[in-house]
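Undergrad: Hey, dropping coords.txt in here, compact mmCIF, C-alpha atoms:
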```
# COMPACT_ATOMS: atom_id res chain seq x y z
CA MET A 1 125.16 73.54 99.64
CA ALA A 2 123.04 75.00 102.44
CA LYS A 3 119.27 74.88 101.92
CA ASP A 4 118.96 78.67 102.10
CA LYS A 5 121.77 79.27 99.57
CA CYS A 6 121.04 79.79 95.89
CA PRO A 7 122.50 76.93 93.82
CA ILE A 8 123.01 79.34 90.91
CA CYS A 9 124.97 82.21 92.45
CA GLY A 10 125.43 81.43 96.16
CA GLY A 11 123.12 84.25 97.27
CA TYR A 12 120.47 83.75 99.93
CA LYS A 13 116.98 82.44 99.17
CA LYS A 14 114.04 84.14 100.88
CA SER A 15 110.25 83.77 100.86
CA SER A 16 108.55 86.30 98.65
CA PHE A 17 105.76 86.79 96.12
CA VAL A 18 106.17 86.89 92.34
CA THR A 19 104.06 87.38 89.24
CA PHE A 20 103.73 84.09 87.37
CA THR A 21 102.89 84.34 83.65
CA VAL A 22 101.72 81.56 81.34
CA ASP A 23 101.46 82.10 77.57
CA LEU A 24 99.24 79.43 75.96
CA ASN A 25 99.27 81.05 72.50
CA SER A 26 95.52 81.75 72.57
CA THR A 27 95.42 82.84 76.22
CA LEU A 28 97.82 84.84 78.39
CA ILE A 29 97.41 84.13 82.11
CA VAL A 30 98.99 86.39 84.72
CA ILE A 31 98.91 85.20 88.34
CA ARG A 32 99.91 87.97 90.72
CA ASN A 33 101.16 87.52 94.31
CA THR A 34 102.27 83.92 93.77
CA PRO A 35 104.20 82.56 96.79
CA ALA A 36 107.78 81.72 95.85
CA THR A 37 111.34 81.51 97.08
CA VAL A 38 113.57 84.14 95.47
CA CYS A 39 117.34 84.60 95.51
CA SER A 40 118.22 87.97 96.99
CA LEU A 41 121.26 88.24 94.70
CA CYS A 42 120.37 86.91 91.22
CA GLY A 43 116.55 86.92 91.46
CA GLU A 44 116.11 83.25 90.51
CA GLU A 45 112.65 82.03 91.55
CA TRP A 46 111.35 78.68 92.84
CA ILE A 47 107.79 77.62 93.60
CA SER A 48 106.75 74.72 95.81
CA ASP A 49 104.98 71.62 94.51
CA GLU A 50 101.78 72.71 96.25
CA VAL A 51 101.87 76.15 94.60
CA ALA A 52 102.55 74.48 91.22
CA ARG A 53 99.47 72.26 91.67
CA ASN A 54 97.37 75.30 92.55
CA ILE A 55 98.70 77.15 89.50
CA GLU A 56 97.64 74.21 87.31
CA THR A 57 94.11 74.50 88.74
CA ILE A 58 94.07 78.25 88.10
CA ILE A 59 95.27 77.69 84.51
CA LEU A 60 92.59 75.09 83.80
CA GLU A 61 89.90 77.41 85.12
CA ALA A 62 91.24 80.36 83.13
CA LYS A 63 91.39 78.27 79.93
CA SER A 64 87.77 77.22 80.41
CA LYS A 65 86.72 80.89 80.33
CA LYS A 66 88.18 81.20 76.80
CA ARG A 67 89.49 84.70 77.39
CA VAL A 68 92.49 86.16 75.59
CA ILE A 69 93.91 87.62 78.81
CA GLU A 70 93.19 86.45 82.36
CA VAL A 71 94.74 88.25 85.34
CA VAL A 72 94.16 86.72 88.78
CA ASP A 73 95.51 87.22 92.25
CA TYR A 74 96.84 83.96 93.70
CA SER A 75 95.82 84.83 97.25
CA TYR A 76 92.19 85.35 96.24
CA GLU A 77 91.81 82.28 94.05
CA GLU A 78 89.79 79.36 95.35
CA VAL A 79 92.09 76.44 94.67
CA ALA A 80 91.63 72.82 95.61
```
Translate this file's structure into structure tokens.

TA:
Amino acid sequence: MAKDKCPICGGYKKSSFVTFTVDLNSTLIVIRNTPATVCSLCGEEWISDEVARNIETIILEAKSKKRVIEVVDYSYEEVA
């Protein structure tokens, strides 16, 4: 299958931004404007390995703050 074709529905994948949410029972983390690839037909989302590593860093930082809800903007986060 072509690299730009969705393996789920055959639609086309395009670069976009999504809201990524993590529910850790005691903390809800919402990361807005997360870079992703999204199918234009079914809406399936994929994130790169680099973005996933950055999300892990954001989650660890948010957990350390011990807040119930943490909302951050991916593009403004200082990630390693």

Undergrad: Can you pull out the residues contacting Asp73 of chain A? Cut-off 8 Å, using all atoms listed in the file, and skip same-chain residues under 4 positions away; I want them as a ChimeraX atom specification.

TA: /A:31-34,77

Undergrad: Would you put the residues from that selection into a file with C-alpha atoms, as a JSON list (two decimals), in the coordinates of the input?

TA:
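This went into part_12.json:
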```json
[["chain", "number", "residue", "atom", "x", "y", "z"],
["A", 31, "ILE", "CA", 98.91, 85.20, 88.34],
["A", 32, "ARG", "CA", 99.91, 87.97, 90.72],
["A", 33, "ASN", "CA", 101.16, 87.52, 94.31],
["A", 34, "THR", "CA", 102.27, 83.92, 93.77],
["A", 77, "GLU", "CA", 91.81, 82.28, 94.05]]
```

Undergrad: Is it possible to get the residues within 7 Å of (92.7, 87.4, 76.8) (coordinates as in the file, counting all atoms listed in the file) written as JSON, numbers by chain?

TA: {"A": [27, 28, 67, 68, 69, 70]}

Undergrad: What's the separation between atom CA of Gly43 of chain A and atom CA of Thr19 of chain A, in Å to one decimal place?

TA: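 Those two atoms sit 12.7 Å apart.
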
Undergrad: Would you compute the distance between atom CA of Lys5 of chain A and atom CA of Glu44 of chain A? Give it in Å to one decimal.

TA: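 So the answer is 11.4 Å.
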
Undergrad: What is the atom CA of Cys42 of chain A to atom CA of Pro7 of chain A distance in Å?

TA: 10.5 Å
